[in-house]
Each structure stands twice: as structure tokens, then as C-alpha cells.
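*Asks:* Once you've had a glance at the structure underneath, I'll fire off some questions.
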There are 2 protein chains.
Amino acid sequence: MDSSTFYYRYVTLSIFEVEGSSMRIAELSRAAEVPVPTIKYYLREGLLPPGELTSPNQAQYGQLHLERLRLVRALVEVGRLPIATIRELLADLERPDPDLHHILGCSLKPTSDLIDREGPSAASAEVDELIERRGWHVGSEAPARRVVAEVLTAMRQLDADDLAARLDDYAAVAEQIAAIDLDSVGRRGEPAAILYGAVVGTVLGDTLIAGLRRLAQENASARQFGHREA
Amino acid sequence: MDSSTFYYRYVTLSIFEVEGSSMRIAELSRAAEVPVPTIKYYLREGLLPPGELTSPNQAQYGQLHLERLRLVRALVEVGRLPIATIRELLADLERPDPDLHHILGCSLKPTSDLIDREGPSAASAEVDELIERRGWHVGSEAPARRVVAEVLTAMRQLDADDLAARLDDYAAVAEQIAAIDLDSVGRRGEPAAILYGAVVGTVLGDTLIAGLRRLAQENASARQFGHREA
């Protein structure tokens with residue numbers, strides 16, 4: 001073994017050791033792909049526990065910081081949740097027996113321009129009835145109630161009552177989607193991993209479902225209307 | 001009958017007559033809820049056929065203009081389609097036997113930030129295989145292929161391979177959604193009405209499905225994790 005091989009092994013081992021157990025903020029930044037100023041911001045906001053001080057100006061971070069940082073990044077960048085909400089979610093996760101249903105409920109606010117509108121929605125009674133009809137356990141303040149009501153109202157304003165009339169058909173499919181969603185994240189045993197999966201899966205899942213819907217629509221349209229190229 | 005009643009009847013009748021058959025641009029604007037400058041823009045761009053000139057400075061518009069204007073507004077505001085695309089779609093609709101499959105394909109481009117990214121996607125072969133496996137008739141240039149591939153890539157970058165692995169489950173549900181979509185709009189016999197319904201139903205439908213998914217998720221989460229409030 002010549003000296004360069006030895007040096008290579010030494011460097012490799014020391015990187016593994018640092019990544020696995022203890023690292024400075026710059027190394028944590030590289031490992032999590034989060035800029036150092038952002039990590040410092042998360043530390044100030046209490047979204048990341050402080051590192052272990054090894055000198056007055058230097059702290060060491062471990063594997064738990066890395067995992068927490070990845071979760072926070074997903075909640076901020078993918079879930080677009082407010083910092084205050086994330087702080088509450090993380091506090092809830094720290095409890096001995098975290099209330100996952102509550103945690104997931106807080107993390108899965110719908111991201112839609114539609115819910116910013118003011119005033120009561122004409123179709124909200126209709127959504128209440130849908131939820132009752134399907135026996136869904138849904139809180140009276142769930143923002144998605146309003147999203148659905150606003151879409152129904154918008155469809156009718158656009159003279160598409162026939163589309164709004166298919167509400168129950170779409171609700172039945174949404175039930176199947178939610179069953180897949182919950183089955184996927186439920187297999188992640190650990191509460192923080194379930195929260196992470198729920199946020200990533202719900203937000204990216206909306207785009208995934210919209211994309212697959214377009215492909216399936218093209219197929220259905222080809223079969224229904226596309227006789228000329230057969 | 002006193003004179004005020006007579007006047008009322010006269011005014012009412014004349015409004016009905018104008019709305020039903022012939023109206024000036026200001027009346028067309030009120031009836032379609034589209035501002036006059038916007039109507040003039042659509043006229044200049046050829047999205048609306050010119051009215052019938054009754055004097056060098058005045059044109060009359062009819063019921064067909066009103067319907068066309070509502071369709072153009074839906075394509076612009078709901079579908080967010082480029083003007084050039086709308087012009088082509090309208091020209092295709094004018095043909096004696098419009099190719100609805102082609103028209104719907106052009107109108108249903110996915111609206112996602114994800115497809116703006118450059119370069120080949122790692123997961124595109126996977127999407128090809130999915131389409132083959134399900135026997136879907138989908139053009140090789142369909143932008144939704146890329147949307148699905150980018151979501152799969154993003155999920156894996158975010159360490160959510162387990163969610164990406166449920167692709168076939170979500171595809172099966174997307175097939176059901178598309179069947180509802182096509183059944184709804186297919187019942188609208190007239191090609192322009194089918195196009196209108198497809199754009200409104202697809203764009204608003206994405207939000208409807210996302211909202212219903214949140215409600216169904218809350219229900220599934222209550223049943224799976226919500227033991228404490230039983």
C-alpha cells in the first residue's frame with residue numbers, strides 16, 4: 001500500500017465518520033443540501049435543535065439533525081407550511097405518543113387560491129351533505145370543505161352544472177386515492193417519517209394524479225372520439 | 001293597463017329581443033360578463049367572428065357570438081391556453097366533421113411548473129413502460145408524460161421511493177377519473193360544448209379532486225390513527 005492509497009482511505013473513513021455521527025454546520029449543509037444561512041435560520045426559529053457546543057463558536061451536529069433538517073425542508077419547500085405551523089408539528093412529534101391524526105391534519109392544508117375568497121359559499125351545504133352521505137369523519141373547519149364548495153360554485157358559474165353533478169363519482173375515486181395514500185405512509189412506522197411521507201405524497205401526489213389523469217384522458221378520448229386513425 | 005306598466009313591458013320585451021337575437025357590443029359585454037376592450041381584443045385576434053355592420057361604426061352581435069365568447073373566455077381564463085392555440089382550436093371546431101380527439105388533446109395541456117425544466121428525465125422510461133403496461137393510447141409527445149416522470153424523480157430526490165412505487169395504483173385510479181370525465185363531456189353532443197366542458201372540467205376538476213382527496217384523507221387518517229377521540 002503506497003502513501004496515496006493510505007491517504008485516500010484515511011480521507012474516506014474520516015468523511016464517513018463525520019457524516020454518520022458528528023459534523024460541523026458546513027458538513028450538515030452539504031449532506032442535507034440546505035444552505036448554511038437557511039440552517040442558521042431554522043436554528044433561530046427553533047425548527048432544529050441546537051448542536052453540541054465544542055467551543056464557544058463551534059457546534060457539532062449528528063444524524064438526528066440531518067434527518068430533522070430533511071423533514072423541515074420538505075415541510076417548508078414541498079408543503080409550503082408556515083414556520084409557526086411547522087414548529088407546532090415538530091413539538092407534537094416530540095411527545096411520547098404523538099397524535100398522528102392531528103399532526104397529519106395540520107400538515108395537509110390544501111394549497112389553492114380558491115380558499116382565499118371571502119364570504120359563505122353557496123355550495124357548502126352540498127359538501128356537508130356529501131360528507132354525511134359517505135360517512136366521512138371530517139372536522140367542521142377542514143379547509144378542503146371550502147375548496148370543494150368553491151369549485152362546485154365556479155363550475156355552475158361557468159355553465160357546467162353537468163360536471164358539478166358528478167360530485168359523488170369523483171368523491172368515490174378520492175376515497176380510493178386516500179386509501180392508497182394512507183396505506184403508503186402507514187407502512188413508514190416512525191411518526192416523523194409518516195409526517196414527511198404524508199406531506200411529500202400529498203403535495204407531489206396532486207401533480208402526479210393530474211398528470212396521470214391527462215394521460216388516461218388522452219387514452220379515453222382516443223377510444224371515444226379517435227376513430228379516424230384506427 | 002297604465003302607461004308605466006306598458007313602458008315596463010316594452011322595455012322587458014326589447015331586452016329579451018336584443019339578448020336573444022341581436023345586440024350591440026356593450027350588451028354583448030354585459031350578457032357574457034366580458035369587458036368591451038377584451039371583446040375588441042378577441043375580435044382583432046380572430047377569436048370571435050365580426051358582427052354584422054349596421055353602420056360604418058356599429059356592429060350587431062347575436063346568440064352565436066355570445067356562446068363563442070363564453071367558450072373563448074373559458075379557454076383563456078380557466079384553460080389558460082395561448083391565443084394561438086385557441087385560434088387553431090376554433091378553426092378545427094368550424095370544420096364539418098371536427099376531430100374531437102385532436103381538439104381535446106390540444107386543449108388539455110397540463111398546467112404545471114414541473115414541465116418547464118430542461119433536459120431528459122430519469123424516469124421517462126418508467127412512464128413509457130407504465131403506458132405500455134396499461135395499454136394506453138398516448139402520443140409520444142404528450143406533455144403529461146414529462147409531468148409524471150418529473151414527479152417520480154422529485155419523490156425519489158426527497159427520499160420517498162415508497163410513494164413513487166405506488167405509480168400503478170394511482171394510474172388505475174386516474175383511469176377511473178378519466179372515464180367519469182369523458183362520460184360527462186361526451187353527453188354534451190355539440191363539439192364546441194364538449195371542448196368547453198373538457199377544459200372547465202379538467203382544470204377545475206384537478207382542484208375538485210385535490211379537495212375531495214384531502215377530505216377523504218382526513219377520514220382515512222381518523223380511522224387509521226384517530227383512536228383517542230373514539
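Just remember, in the C-alpha cells the first chain shown is A, the second B, etc., residues are 1-based per chain, and ligands are 1-based in the order shown.
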For Val148 in chain A, find every residue with an atom within 9 Å (counting only C-alpha atoms), except residues of its own chain fewer than 2 positions away, and show them as a ChimeraX atom specification.

*Replies:* /A:123-124,127,144-146,150-153 /B:207-212

*Asks:* Using only C-alpha atoms, determine which residues lie at most 9 Å from Val34 in chain B, disregarding the query and same-chain residues fewer than 4 positions distant; provide the list as a ChimeraX atom specification.

*Replies:* /B:28-30,38-39,69-70,73

*Asks:* Would you save the residues from that selection as a compact mmCIF listing (two decimals), in the first residue's frame, using C-alpha atoms?

*Replies:*
# COMPACT_ATOMS: atom_id res chain seq x y z
CA LEU B 28 -72.80 41.50 -25.53
CA SER B 29 -70.32 42.56 -22.86
CA ARG B 30 -73.00 42.62 -20.15
CA THR B 38 -61.48 42.32 -24.11
CA ILE B 39 -64.17 41.61 -26.71
CA LEU B 69 -67.44 34.46 -26.31
CA ARG B 70 -68.21 32.22 -23.30
CA ARG B 73 -63.36 33.17 -22.00

*Asks:* Residues of chain B within 7 Å of chain A, counting only C-alpha atoms, what are they? List them as number ranges by chain.

*Replies:* B: 100-101, 105, 110, 136-138, 144, 147-148, 151, 160, 162-163, 170-171, 173-175, 177-179, 182, 184, 197, 201, 204, 206, 208-222, 225-226

*Asks:* Calculate how many Å separate CA of Arg68 in chain B from CA of Ala91 in chain B, rounding to one decimal.

*Replies:*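 Interatomic distance here is 12.1 Å.
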
*Asks:* With distances taken over only C-alpha atoms, which residue among A:Leu53, A:Ala125, A:Leu90, A:Leu43 lies nearest Met23 in chain A?

*Replies:* A:Leu53

*Asks:* Just how far from CA of Pro49 in chain A is CA of Val36 in chain A, in Å to one decimal?

*Replies:*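 Atom-to-atom, CA of Val36 in chain A and CA of Pro49 in chain A are spaced 14.9 Å apart.
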
*Asks:* Could you write out, as a PyMOL selection string, all the residues of chain A that DSSP marks as alpha helix (DSSP H)?

*Replies:* chain A and resi 3-20+25-32+36-44+63-73+83-94+100-107+124-134+143-157+161-164+167-186+191-225

*Asks:* Using only C-alpha atoms, which of B:Val72, B:Asp128, B:Pro37, B:Arg156 sits nearest Val199 in chain B?

*Replies:*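 When distances to Val199 in chain B are compared using only C-alpha atoms, the smallest one comes from B:Val72.
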
*Asks:* Quick one: residues within 10 Å of Thr85 in chain B, only C-alpha atoms counted, chain neighbours fewer than 4 positions away excluded, as a PyMOL selection string?

*Replies:* chain B and resi 75+81+89-91+106-107
